Amino acid sequence: MKIYSWNVNGIRSVQKKGFIDWLKAESPDIMCLQETKALPEQLDKELVEIEGYQNAWGSADRKGYSGVAVYYKLQPQAIRYSTGIEKFDREGRILILAFKDFSLLNIYFPNSGLGDERLNFKLDFYRHIIELCEGLKNEGEKLIICGDFNTAHQDIDLKNPKANRNSPGFLQVERDMLDEFLAKGFVDVFRYIYPDRAEYTWWDYRTRARERNAGWRIDCFYVTPDLLPRIRDCVHHNQVEGSDHCPIALIIE
């Protein structure tokens with residue numbers, strides 16, 4: 001089974017760059033998207049009726065902002081659109097799909113680049129998501145948590161760590177949140193398989209960072225340990241363009 005995750009930086013934008021043909025060619029069983037920047041009613045028929053897929057959308061109240069979506073071949077037993085906290089749900093940041101053998105959380109974590117207010121919002125969001133995931137885990141759920149975490153965890157996860165010590169997305173208080181994820185027993189799949197590999201999933205458009213591969217690894221899959229024996233690989237499709245992020249893939253039995 002192939003589960004993909006991609007921050008598309010606007011679903012309508014990436015549609016113009018061949019997204020649907022790419023999706024059909026890759027044929028993932030589940031395709032998680034972040035930063036869709038659209039309400040379902042703003043999308044044309046081609047995007048909401050892709051052959052072989054059903055879809056679910058979690059949109060922000062504000063048009064053209066945030067948003068998540070999932071295309072899926074497998075039929076979920078239930079879909080949850082809410083974190084349970086109104087201030088988070090207004091921004092369309094989560095979809096939870098419960099399948100027979102696991103539950104999938106597609107999450108778009110906030111960006112902290114707009115000052116202390118948004119940093120505090122991001123940290124609150126992290127705390128709530130960790131609590132939510134820990135609760136599901138303690139109930140015996142097998143979890144796959146994917147999306148744009150908007151935080152690089154360790155020095156190996158970005159090209160220029162020393163220059164970015166005080167940059168949003170690499171602040172110690174943000175990195176501590178990922179430490180907390182690990183402390184609660186969740187596993188960063190890519191780093192588990194490839195402990196010493198420096199690969200990135202996001203490059204700054206403004207500085208043309210992709211040309212120099214001066215990137216950050218901020219898009220991830222985290223899982224509960226009981227799923228590790230089923231995992232075969234975690235791949236960064238960094239040759240795929242169309243967004244400032246690249247798609248990532250989890251290969252699992």
# chains A, B, ... in the order shown; residues from 1 in each chain; ligands from 1
$ residues_around --residues "His236 in chain A" --least-positions-apart "5" --cutoff "12 Å" --atoms "only C-alpha atoms" --output "number ranges by chain"
A: 4-6, 189-191, 194, 197-202, 217-221, 241, 245-251
$ residues_around --residues "Ala183 in chain A" --least-positions-apart "5" --cutoff "12 Å" --atoms "only C-alpha atoms" --output "PyMOL selection string"
chain A and resi 130+134+176-178+188+224
$ atom_distance --atom1 "CA of Leu123 in chain A" --atom2 "CA of Asn150 in chain A"
11.3 Å
$ residues_around --residues "Trp57 in chain A" --least-positions-apart "4" --cutoff "7 Å" --atoms "only C-alpha atoms" --output "list in words"
Pro40, Val68, Ala69 and Val70 of chain A
$ write_last_selection --atoms "C-alpha atoms" --output "PDB file, in the first residue's frame"
ATOM      1  CA  PRO A  40     -14.712  22.167  -2.380  1.00  0.00           C
ATOM      2  CA  VAL A  68      -6.361  19.787   3.830  1.00  0.00           C
ATOM      3  CA  ALA A  69      -7.747  17.042   1.611  1.00  0.00           C
ATOM      4  CA  VAL A  70      -7.489  13.288   1.164  1.00  0.00           C
TER       5      VAL A  70
END
$ closest_residue --among "A:Gln15, A:Thr83, A:Ser59, A:Ser66" --to "Cys133 in chain A" --atoms "only C-alpha atoms"
A:Thr83
$ select_by_dssp --residues "range 138-178 of chain A" --states "strand (DSSP E or B)" --output "short mmCIF file (atom, residue, chain, number, x, y, z; two decimals) with C-alpha atoms, in the first residue's frame"
data_model
loop_
_atom_site.label_atom_id
_atom_site.label_comp_id
_atom_site.auth_asym_id
_atom_site.auth_seq_id
_atom_site.Cartn_x
_atom_site.Cartn_y
_atom_site.Cartn_z
CA LEU A 143 -1.76 5.59 13.84
CA ILE A 144 -0.18 7.08 10.74
CA ILE A 145 0.31 10.83 11.18
CA CYS A 146 1.40 12.71 8.07
CA GLY A 147 1.60 16.19 6.68
CA ASP A 148 3.51 19.44 6.80
CA LEU A 158 17.96 21.48 7.03
#
$ residues_around --residues "Lys37 in chain A" --least-positions-apart "5" --cutoff "8 Å" --atoms "only C-alpha atoms" --output "PyMOL selection string"
chain A and resi 9-11+59-60+63-67
$ select_by_dssp --residues "range 74-191 of chain A" --states "alpha helix (DSSP H)" --output "MDAnalysis selection string"
chainID A and resid 86:89 116:138 172:183 189:191
$ atom_distance --atom1 "CA of Leu119 in chain A" --atom2 "CA of Glu174 in chain A"
8.5 Å
$ closest_residue --among "A:Thr151, A:Gln42, A:Asp124, A:Val240" --to "Leu23 in chain A" --atoms "only C-alpha atoms"
A:Val240
$ closest_residue --among "A:Arg80, A:Arg62, A:Arg212, A:Lys16" --to "Gly242 in chain A" --atoms "only C-alpha atoms"
A:Lys16
$ atom_distance --atom1 "CA of Lys159 in chain A" --atom2 "CA of Trp216 in chain A"
6.6 Å
$ residues_around --residues "Phe170 in chain A" --least-positions-apart "3" --cutoff "8 Å" --atoms "only C-alpha atoms" --output "list in words"
Thr151, Ala152, His153, Asn164, Arg165, Asn166, Ser167, Glu174 and Arg175 of chain A
$ write_last_selection --atoms "N, CA and C atoms" --output "PDB file, in the first residue's frame"
ATOM      1  N   THR A 151       8.167  22.299  10.943  1.00  0.00           N
ATOM      2  CA  THR A 151       9.304  22.372  11.864  1.00  0.00           C
ATOM      3  C   THR A 151      10.367  21.382  11.412  1.00  0.00           C
ATOM      4  N   ALA A 152      11.597  21.837  11.304  1.00  0.00           N
ATOM      5  CA  ALA A 152      12.729  20.931  11.098  1.00  0.00           C
ATOM      6  C   ALA A 152      13.234  20.505  12.473  1.00  0.00           C
ATOM      7  N   HIS A 153      13.438  19.209  12.649  1.00  0.00           N
ATOM      8  CA  HIS A 153      13.697  18.695  13.995  1.00  0.00           C
ATOM      9  C   HIS A 153      15.154  18.837  14.430  1.00  0.00           C
ATOM     10  N   ASN A 164      20.117  29.292  10.846  1.00  0.00           N
ATOM     11  CA  ASN A 164      18.672  29.318  11.082  1.00  0.00           C
ATOM     12  C   ASN A 164      18.275  29.031  12.526  1.00  0.00           C
ATOM     13  N   ARG A 165      19.226  29.144  13.451  1.00  0.00           N
ATOM     14  CA  ARG A 165      18.919  28.859  14.859  1.00  0.00           C
ATOM     15  C   ARG A 165      17.739  29.682  15.372  1.00  0.00           C
ATOM     16  N   ASN A 166      17.622  30.909  14.894  1.00  0.00           N
ATOM     17  CA  ASN A 166      16.554  31.794  15.369  1.00  0.00           C
ATOM     18  C   ASN A 166      15.472  32.013  14.320  1.00  0.00           C
ATOM     19  N   SER A 167      15.414  31.107  13.355  1.00  0.00           N
ATOM     20  CA  SER A 167      14.418  31.221  12.289  1.00  0.00           C
ATOM     21  C   SER A 167      13.149  30.458  12.657  1.00  0.00           C
ATOM     22  N   GLU A 174       9.935  25.032  19.105  1.00  0.00           N
ATOM     23  CA  GLU A 174       9.240  24.236  18.095  1.00  0.00           C
ATOM     24  C   GLU A 174       9.834  22.835  18.017  1.00  0.00           C
ATOM     25  N   ARG A 175      11.148  22.765  18.014  1.00  0.00           N
ATOM     26  CA  ARG A 175      11.828  21.473  17.962  1.00  0.00           C
ATOM     27  C   ARG A 175      11.492  20.626  19.186  1.00  0.00           C
TER      28      ARG A 175
END
$ residues_around --residues "Lys2 in chain A" --least-positions-apart "4" --cutoff "9 Å" --atoms "only C-alpha atoms" --output "ChimeraX atom specification"
/A:27-31,249-253
$ closest_residue --among "A:Pro168, A:Gly215, A:Phe19, A:Glu41" --to "Asn120 in chain A" --atoms "only C-alpha atoms"
A:Pro168
